[in-house]
Amino acid sequence: MKGCFFVGAEHEPKFEVREMTFGPLGPHDILVNNKACGICGTDVHIYHGEKGSAEVTPPVVLGHEFAGVVAKVGEEVTSFKPGDHVAMDPNMYCGQCVPCRVGKKQECEHLFALGVNVNGGFAEYAVCPETQCFKVREDISFDEAAMAEPLACVIHGIDQAQIRPGQVVLVIGGGTIGLMMVQMARICGASTVILSEPVKMRRKIGMEVGADATIDPIHEDVPQKIWEICGRKGADVVIECVGKPFAVEQAFKAAGFAATILLFSVPGVDATVPLPLFDVYKKELKIVGSMINPDTHQRAVDLINSGRLQLKKLITHTYDLEHMDEAIHMQMSAESIKVVVHP
């Protein structure tokens, strides 16, 4: 049984493939034969020595967007059996701190996650608590099933944005998350979904998965293009999926009257932008954030099982465990959308 261990940002190479052994399963644990694991922006942050969603202590097997087949179950597991196809929710909470007790467990003071601070999906096998496993239809590909975790985060963001039927939605950024947001905005009933993305390939795929129009923000004026596309001075909902200050500034400029701006992406810890206070006042803007996937993983799996989303088109590259460094760098490249590792 092999696992690709992250040994620290200061090391070169930063990953080592090692043999793994597993002791007896706990009564509520499941041994999963991992089949696919997506690379997330959090993995890229950790690769560069930045903070993940929870504390990272190398050596550890990263990878929190993963799916596979149940290989073995603990003696008290009743909901799963060997052979079941599953997708994992990596995020676990203490249930005792104030955020957990007031219904905001995504802010748990003791949050820990599979593939962040305990071994996860960049390995042939992983031990997962029964509570973190969700059944996936057997005719769904493992690559698609591995998209459940980012989709669950997107669903929480969509809940925060509160898109209403007939609204104009602008999505800034055509990576994996942005292209999921485009599809979810359509499902929520948006009359017009616009994607702002400088990379031509991503704009093309954006149109294929449901955008009504695209904007090249490098060569086109975003507010002017929104007017040309739908005859409105700004979008009703703007969803920022880039994580850079320039994208946040673009979001404020593109927001219409009484608009909601969802700042979804993970920015640098010290990132700031000048806040256009008069615009917030005059336009009555609503600014919301979104943190991981509290209680949305089942909804994500149900959507994947329904076949209503186009996820295969978002997966542009695949790698094995021996080429993890290359996979991480490809995920950072404009050539990719979603990179998936096949353990």
# chains A, B, ... in the order shown; residues from 1 in each chain; ligands from 1
$ residues_around --residues "region 253-264 of chain A" --least-positions-apart "5" --cutoff "6 Å" --atoms "only C-alpha atoms" --output "ChimeraX atom specification"
/A:161,223,233-241,283-290
$ write_last_selection --atoms "N, CA, C and O atoms" --output "PDB file, in the first residue's frame"
ATOM      1  N   ALA A 161     -25.149  33.298  -1.113  1.00  0.00           N
ATOM      2  CA  ALA A 161     -25.461  34.322  -2.122  1.00  0.00           C
ATOM      3  C   ALA A 161     -26.962  34.523  -2.304  1.00  0.00           C
ATOM      4  O   ALA A 161     -27.399  35.591  -2.748  1.00  0.00           O
ATOM      5  N   PRO A 223     -18.132  46.239 -16.495  1.00  0.00           N
ATOM      6  CA  PRO A 223     -19.463  46.860 -16.359  1.00  0.00           C
ATOM      7  C   PRO A 223     -20.107  47.189 -17.709  1.00  0.00           C
ATOM      8  O   PRO A 223     -21.316  47.009 -17.879  1.00  0.00           O
ATOM      9  N   LYS A 233     -27.188  47.947 -15.271  1.00  0.00           N
ATOM     10  CA  LYS A 233     -25.982  48.578 -14.732  1.00  0.00           C
ATOM     11  C   LYS A 233     -25.432  47.714 -13.607  1.00  0.00           C
ATOM     12  O   LYS A 233     -25.562  48.025 -12.432  1.00  0.00           O
ATOM     13  N   GLY A 234     -24.846  46.623 -13.990  1.00  0.00           N
ATOM     14  CA  GLY A 234     -24.257  45.725 -13.011  1.00  0.00           C
ATOM     15  C   GLY A 234     -25.099  44.492 -12.764  1.00  0.00           C
ATOM     16  O   GLY A 234     -26.289  44.445 -13.070  1.00  0.00           O
ATOM     17  N   ALA A 235     -24.475  43.488 -12.190  1.00  0.00           N
ATOM     18  CA  ALA A 235     -25.135  42.217 -11.906  1.00  0.00           C
ATOM     19  C   ALA A 235     -25.860  42.274 -10.571  1.00  0.00           C
ATOM     20  O   ALA A 235     -25.519  43.051  -9.681  1.00  0.00           O
ATOM     21  N   ASP A 236     -26.858  41.405 -10.424  1.00  0.00           N
ATOM     22  CA  ASP A 236     -27.589  41.295  -9.160  1.00  0.00           C
ATOM     23  C   ASP A 236     -26.790  40.518  -8.121  1.00  0.00           C
ATOM     24  O   ASP A 236     -26.884  40.776  -6.920  1.00  0.00           O
ATOM     25  N   VAL A 237     -26.042  39.531  -8.592  1.00  0.00           N
ATOM     26  CA  VAL A 237     -25.174  38.732  -7.724  1.00  0.00           C
ATOM     27  C   VAL A 237     -23.821  38.617  -8.399  1.00  0.00           C
ATOM     28  O   VAL A 237     -23.742  38.277  -9.584  1.00  0.00           O
ATOM     29  N   VAL A 238     -22.755  38.928  -7.667  1.00  0.00           N
ATOM     30  CA  VAL A 238     -21.392  38.774  -8.174  1.00  0.00           C
ATOM     31  C   VAL A 238     -20.679  37.766  -7.292  1.00  0.00           C
ATOM     32  O   VAL A 238     -20.648  37.916  -6.065  1.00  0.00           O
ATOM     33  N   ILE A 239     -20.115  36.738  -7.905  1.00  0.00           N
ATOM     34  CA  ILE A 239     -19.437  35.675  -7.163  1.00  0.00           C
ATOM     35  C   ILE A 239     -17.966  35.693  -7.539  1.00  0.00           C
ATOM     36  O   ILE A 239     -17.602  35.416  -8.687  1.00  0.00           O
ATOM     37  N   GLU A 240     -17.123  36.025  -6.587  1.00  0.00           N
ATOM     38  CA  GLU A 240     -15.676  36.150  -6.829  1.00  0.00           C
ATOM     39  C   GLU A 240     -14.997  34.834  -6.484  1.00  0.00           C
ATOM     40  O   GLU A 240     -15.084  34.354  -5.353  1.00  0.00           O
ATOM     41  N   CYS A 241     -14.303  34.240  -7.464  1.00  0.00           N
ATOM     42  CA  CYS A 241     -13.699  32.915  -7.307  1.00  0.00           C
ATOM     43  C   CYS A 241     -12.222  32.903  -7.678  1.00  0.00           C
ATOM     44  O   CYS A 241     -11.717  31.903  -8.206  1.00  0.00           O
ATOM     45  N   LYS A 283     -25.364  51.928  -3.288  1.00  0.00           N
ATOM     46  CA  LYS A 283     -25.959  50.773  -3.965  1.00  0.00           C
ATOM     47  C   LYS A 283     -26.641  49.796  -2.999  1.00  0.00           C
ATOM     48  O   LYS A 283     -27.297  48.843  -3.430  1.00  0.00           O
ATOM     49  N   GLU A 284     -26.466  50.027  -1.705  1.00  0.00           N
ATOM     50  CA  GLU A 284     -26.971  49.100  -0.695  1.00  0.00           C
ATOM     51  C   GLU A 284     -26.447  47.683  -0.966  1.00  0.00           C
ATOM     52  O   GLU A 284     -27.195  46.701  -1.060  1.00  0.00           O
ATOM     53  N   LEU A 285     -25.128  47.575  -1.075  1.00  0.00           N
ATOM     54  CA  LEU A 285     -24.506  46.294  -1.379  1.00  0.00           C
ATOM     55  C   LEU A 285     -24.488  45.387  -0.154  1.00  0.00           C
ATOM     56  O   LEU A 285     -24.343  45.852   0.979  1.00  0.00           O
ATOM     57  N   LYS A 286     -24.607  44.114  -0.414  1.00  0.00           N
ATOM     58  CA  LYS A 286     -24.492  43.095   0.622  1.00  0.00           C
ATOM     59  C   LYS A 286     -23.245  42.271   0.324  1.00  0.00           C
ATOM     60  O   LYS A 286     -23.112  41.720  -0.769  1.00  0.00           O
ATOM     61  N   ILE A 287     -22.326  42.187   1.285  1.00  0.00           N
ATOM     62  CA  ILE A 287     -21.062  41.477   1.102  1.00  0.00           C
ATOM     63  C   ILE A 287     -21.055  40.268   2.029  1.00  0.00           C
ATOM     64  O   ILE A 287     -21.240  40.407   3.248  1.00  0.00           O
ATOM     65  N   VAL A 288     -20.862  39.084   1.455  1.00  0.00           N
ATOM     66  CA  VAL A 288     -20.883  37.863   2.261  1.00  0.00           C
ATOM     67  C   VAL A 288     -19.661  37.012   1.942  1.00  0.00           C
ATOM     68  O   VAL A 288     -19.097  37.073   0.845  1.00  0.00           O
ATOM     69  N   GLY A 289     -19.251  36.223   2.908  1.00  0.00           N
ATOM     70  CA  GLY A 289     -18.171  35.256   2.719  1.00  0.00           C
ATOM     71  C   GLY A 289     -18.734  33.848   2.765  1.00  0.00           C
ATOM     72  O   GLY A 289     -19.936  33.638   2.979  1.00  0.00           O
ATOM     73  N   SER A 290     -17.848  32.862   2.580  1.00  0.00           N
ATOM     74  CA  SER A 290     -18.277  31.470   2.593  1.00  0.00           C
ATOM     75  C   SER A 290     -17.107  30.602   3.017  1.00  0.00           C
ATOM     76  O   SER A 290     -16.028  30.694   2.441  1.00  0.00           O
TER      77      SER A 290
END
$ residues_around --residues "region 105-108 of chain A" --least-positions-apart "2" --cutoff "8 Å" --atoms "only C-alpha atoms" --output "list in words"
Tyr93, Cys94, Gly95, Cys97, Val98, Pro99, Cys100, Arg101, Val102, Gly103, His110, Leu111, Met291, Ile292, Asn293 and Pro294 of chain A
$ write_last_selection --atoms "C-alpha atoms" --output "PDB file, in the first residue's frame"
ATOM      1  CA  TYR A  93     -15.702  19.166  14.007  1.00  0.00           C
ATOM      2  CA  CYS A  94     -15.437  18.925  17.783  1.00  0.00           C
ATOM      3  CA  GLY A  95     -19.122  19.622  18.496  1.00  0.00           C
ATOM      4  CA  CYS A  97     -16.853  24.763  21.063  1.00  0.00           C
ATOM      5  CA  VAL A  98     -19.050  27.856  20.826  1.00  0.00           C
ATOM      6  CA  PRO A  99     -19.200  27.960  16.974  1.00  0.00           C
ATOM      7  CA  CYS A 100     -20.261  24.296  16.878  1.00  0.00           C
ATOM      8  CA  ARG A 101     -22.930  24.887  19.536  1.00  0.00           C
ATOM      9  CA  VAL A 102     -24.455  27.916  17.802  1.00  0.00           C
ATOM     10  CA  GLY A 103     -24.778  26.308  14.379  1.00  0.00           C
ATOM     11  CA  HIS A 110     -10.777  22.417  16.655  1.00  0.00           C
ATOM     12  CA  LEU A 111     -11.519  21.748  12.979  1.00  0.00           C
ATOM     13  CA  MET A 291     -16.274  28.930   4.588  1.00  0.00           C
ATOM     14  CA  ILE A 292     -16.032  25.251   3.544  1.00  0.00           C
ATOM     15  CA  ASN A 293     -19.081  22.940   3.489  1.00  0.00           C
ATOM     16  CA  PRO A 294     -21.164  22.711   6.659  1.00  0.00           C
TER      17      PRO A 294
END
$ residues_around --residues "region 304-316 of chain A" --least-positions-apart "4" --cutoff "7 Å" --atoms "only C-alpha atoms" --output "list of chain:residue names"
A:Val136, A:Arg137, A:Ile140, A:Glu144, A:Thr176, A:Gln183, A:Val209, A:Ala300, A:Ser336, A:Ile337, A:Lys338, A:Val339
$ atom_distance --atom1 "CA of Gly83 (chain A)" --atom2 "CA of Glu138 (chain A)"
9.5 Å
$ atom_distance --atom1 "CA of Glu208 (chain A)" --atom2 "CA of His342 (chain A)"
25.8 Å
$ select_by_dssp --residues "region 6-234 of chain A" --states "helix (DSSP H, G or I)" --output "ChimeraX atom specification"
/A:41-47,98-101,105-107,130-132,142-145,148-161,176-187,200-208,222-230
$ residues_around --residues "Leu170 (chain A)" --least-positions-apart "5" --cutoff "6 Å" --atoms "only C-alpha atoms" --output "list in words"
Val193, Ile194, Leu195 and Val238 of chain A
$ closest_residue --among "A:Lys244, A:His28, A:Arg186, A:Arg232" --to "Gly173 (chain A)" --atoms "only C-alpha atoms"
A:Lys244
$ closest_residue --among "A:Val61, A:Ala211, A:Val340, A:Val269" --to "Val17 (chain A)" --atoms "only C-alpha atoms"
A:Val61
$ residues_around --residues "Arg299 (chain A)" --least-positions-apart "3" --cutoff "8 Å" --atoms "only C-alpha atoms" --output "ChimeraX atom specification"
/A:152,155,296,302-303
$ closest_residue --among "A:Gln160, A:Met88, A:Glu55, A:Ile205" --to "Glu109 (chain A)" --atoms "only C-alpha atoms"
A:Glu55
$ select_by_dssp --residues "region 15-241 of chain A" --states "strand (DSSP E)" --output "short mmCIF file (atom, residue, chain, number, x, y, z; two decimals) with N, CA and C atoms, in the first residue's frame"
data_model
loop_
_atom_site.label_atom_id
_atom_site.label_comp_id
_atom_site.auth_asym_id
_atom_site.auth_seq_id
_atom_site.Cartn_x
_atom_site.Cartn_y
_atom_site.Cartn_z
N PHE A 15 7.43 15.93 -1.88
CA PHE A 15 6.63 14.71 -1.70
C PHE A 15 7.52 13.48 -1.79
N GLU A 16 7.16 12.46 -1.01
CA GLU A 16 7.84 11.17 -1.07
C GLU A 16 6.79 10.06 -1.09
N VAL A 17 6.93 9.12 -2.01
CA VAL A 17 6.05 7.95 -2.04
C VAL A 17 6.63 6.92 -1.08
N ARG A 18 5.82 6.50 -0.10
CA ARG A 18 6.26 5.56 0.92
C ARG A 18 5.25 4.43 1.06
N GLU A 19 5.72 3.32 1.60
CA GLU A 19 4.81 2.24 1.95
C GLU A 19 4.02 2.64 3.20
N ASP A 29 -14.80 2.75 11.73
CA ASP A 29 -13.92 3.18 10.65
C ASP A 29 -14.15 2.36 9.39
N ILE A 30 -13.77 2.95 8.26
CA ILE A 30 -13.88 2.30 6.96
C ILE A 30 -12.54 2.42 6.24
N LEU A 31 -12.04 1.33 5.70
CA LEU A 31 -10.84 1.36 4.86
C LEU A 31 -11.29 1.53 3.42
N VAL A 32 -10.85 2.62 2.80
CA VAL A 32 -11.27 2.97 1.45
C VAL A 32 -10.10 2.79 0.49
N ASN A 33 -10.35 2.08 -0.60
CA ASN A 33 -9.40 1.99 -1.70
C ASN A 33 -9.60 3.22 -2.58
N ASN A 34 -8.71 4.19 -2.44
CA ASN A 34 -8.88 5.46 -3.14
C ASN A 34 -8.68 5.29 -4.65
N LYS A 35 -9.58 5.89 -5.42
CA LYS A 35 -9.51 5.78 -6.87
C LYS A 35 -9.22 7.12 -7.56
N ALA A 36 -9.62 8.22 -6.93
CA ALA A 36 -9.39 9.54 -7.52
C ALA A 36 -9.36 10.57 -6.42
N CYS A 37 -8.45 11.55 -6.57
CA CYS A 37 -8.35 12.63 -5.59
C CYS A 37 -7.98 13.92 -6.30
N GLY A 38 -8.82 14.91 -6.20
CA GLY A 38 -8.57 16.20 -6.83
C GLY A 38 -7.56 17.02 -6.07
N VAL A 60 2.65 13.99 6.08
CA VAL A 60 1.23 13.66 6.06
C VAL A 60 0.80 13.46 4.61
N VAL A 61 -0.15 12.56 4.40
CA VAL A 61 -0.73 12.35 3.07
C VAL A 61 -1.82 13.39 2.87
N GLU A 65 -10.10 15.89 -1.49
CA GLU A 65 -11.19 15.75 -2.45
C GLU A 65 -11.12 14.35 -3.05
N PHE A 66 -11.61 13.33 -2.35
CA PHE A 66 -11.34 11.99 -2.85
C PHE A 66 -12.55 11.06 -2.78
N ALA A 67 -12.46 10.02 -3.62
CA ALA A 67 -13.51 9.03 -3.73
C ALA A 67 -12.88 7.67 -4.01
N GLY A 68 -13.60 6.62 -3.66
CA GLY A 68 -13.06 5.29 -3.89
C GLY A 68 -14.07 4.21 -3.58
N VAL A 69 -13.55 3.02 -3.29
CA VAL A 69 -14.37 1.84 -3.04
C VAL A 69 -14.11 1.35 -1.62
N VAL A 70 -15.18 1.02 -0.90
CA VAL A 70 -15.02 0.47 0.44
C VAL A 70 -14.33 -0.88 0.35
N ALA A 71 -13.19 -1.02 1.05
CA ALA A 71 -12.44 -2.27 1.05
C ALA A 71 -12.75 -3.12 2.29
N LYS A 72 -12.98 -2.44 3.42
CA LYS A 72 -13.20 -3.15 4.67
C LYS A 72 -13.91 -2.21 5.62
N VAL A 73 -14.74 -2.75 6.50
CA VAL A 73 -15.46 -1.90 7.45
C VAL A 73 -15.23 -2.38 8.88
N HIS A 85 -19.32 2.32 -3.49
CA HIS A 85 -18.59 3.48 -3.98
C HIS A 85 -18.91 4.67 -3.07
N VAL A 86 -17.87 5.38 -2.64
CA VAL A 86 -18.07 6.46 -1.67
C VAL A 86 -17.25 7.70 -2.03
N ALA A 87 -17.77 8.83 -1.61
CA ALA A 87 -17.03 10.10 -1.66
C ALA A 87 -16.94 10.61 -0.23
N MET A 88 -15.81 11.19 0.11
CA MET A 88 -15.56 11.58 1.49
C MET A 88 -15.78 13.07 1.74
N ASN A 91 -14.04 17.20 6.31
CA ASN A 91 -14.04 18.14 7.43
C ASN A 91 -14.78 17.59 8.65
N MET A 92 -14.09 17.61 9.79
CA MET A 92 -14.65 17.09 11.04
C MET A 92 -14.56 18.15 12.12
N PHE A 112 -10.59 19.68 12.11
CA PHE A 112 -9.51 18.87 11.55
C PHE A 112 -10.07 18.14 10.34
N ALA A 113 -9.18 17.76 9.44
CA ALA A 113 -9.66 17.28 8.15
C ALA A 113 -8.79 16.16 7.59
N TYR A 125 -4.81 3.73 -0.17
CA TYR A 125 -5.85 3.46 0.81
C TYR A 125 -5.89 4.57 1.85
N ALA A 126 -7.05 4.74 2.46
CA ALA A 126 -7.20 5.69 3.56
C ALA A 126 -8.23 5.15 4.54
N VAL A 127 -8.02 5.43 5.82
CA VAL A 127 -8.99 5.07 6.85
C VAL A 127 -9.85 6.29 7.12
N CYS A 128 -11.17 6.12 6.98
CA CYS A 128 -12.11 7.23 7.12
C CYS A 128 -13.20 6.86 8.11
N PRO A 129 -13.59 7.80 8.98
CA PRO A 129 -14.74 7.52 9.86
C PRO A 129 -16.00 7.30 9.03
N CYS A 133 -18.24 9.28 5.13
CA CYS A 133 -18.40 8.59 3.85
C CYS A 133 -19.83 8.74 3.33
N PHE A 134 -19.97 8.95 2.03
CA PHE A 134 -21.26 9.15 1.39
C PHE A 134 -21.32 8.27 0.14
N LYS A 135 -22.42 7.54 -0.03
CA LYS A 135 -22.54 6.63 -1.14
C LYS A 135 -22.73 7.37 -2.46
N VAL A 168 -29.48 38.41 -12.61
CA VAL A 168 -28.27 38.36 -13.42
C VAL A 168 -27.11 38.04 -12.49
N VAL A 169 -26.37 36.99 -12.82
CA VAL A 169 -25.26 36.53 -11.98
C VAL A 169 -23.96 36.65 -12.76
N LEU A 170 -22.97 37.29 -12.16
CA LEU A 170 -21.62 37.37 -12.74
C LEU A 170 -20.69 36.52 -11.89
N VAL A 171 -20.01 35.59 -12.53
CA VAL A 171 -19.00 34.77 -11.86
C VAL A 171 -17.63 35.25 -12.32
N ILE A 172 -16.79 35.62 -11.37
CA ILE A 172 -15.43 36.09 -11.69
C ILE A 172 -14.45 34.95 -11.42
N THR A 192 -29.63 35.26 -16.48
CA THR A 192 -28.41 35.42 -17.27
C THR A 192 -27.21 35.12 -16.38
N VAL A 193 -26.34 34.23 -16.85
CA VAL A 193 -25.11 33.90 -16.12
C VAL A 193 -23.94 34.31 -17.00
N ILE A 194 -23.09 35.18 -16.45
CA ILE A 194 -21.94 35.71 -17.19
C ILE A 194 -20.66 35.27 -16.49
N LEU A 195 -19.69 34.85 -17.25
CA LEU A 195 -18.40 34.44 -16.70
C LEU A 195 -17.33 35.44 -17.12
N SER A 196 -16.61 35.99 -16.16
CA SER A 196 -15.46 36.86 -16.43
C SER A 196 -14.19 36.05 -16.20
N ALA A 213 -22.93 34.16 -21.46
CA ALA A 213 -21.96 35.06 -22.10
C ALA A 213 -20.68 35.04 -21.28
N THR A 214 -19.58 35.44 -21.92
CA THR A 214 -18.31 35.54 -21.22
C THR A 214 -17.69 36.90 -21.48
N ILE A 215 -16.80 37.29 -20.56
CA ILE A 215 -16.08 38.56 -20.68
C ILE A 215 -14.60 38.29 -20.48
N ALA A 235 -24.48 43.49 -12.19
CA ALA A 235 -25.13 42.22 -11.91
C ALA A 235 -25.86 42.27 -10.57
N ASP A 236 -26.86 41.41 -10.42
CA ASP A 236 -27.59 41.30 -9.16
C ASP A 236 -26.79 40.52 -8.12
N VAL A 237 -26.04 39.53 -8.59
CA VAL A 237 -25.17 38.73 -7.72
C VAL A 237 -23.82 38.62 -8.40
N VAL A 238 -22.75 38.93 -7.67
CA VAL A 238 -21.39 38.77 -8.17
C VAL A 238 -20.68 37.77 -7.29
N ILE A 239 -20.11 36.74 -7.91
CA ILE A 239 -19.44 35.67 -7.16
C ILE A 239 -17.97 35.69 -7.54
N GLU A 240 -17.12 36.03 -6.59
CA GLU A 240 -15.68 36.15 -6.83
C GLU A 240 -15.00 34.83 -6.48
#
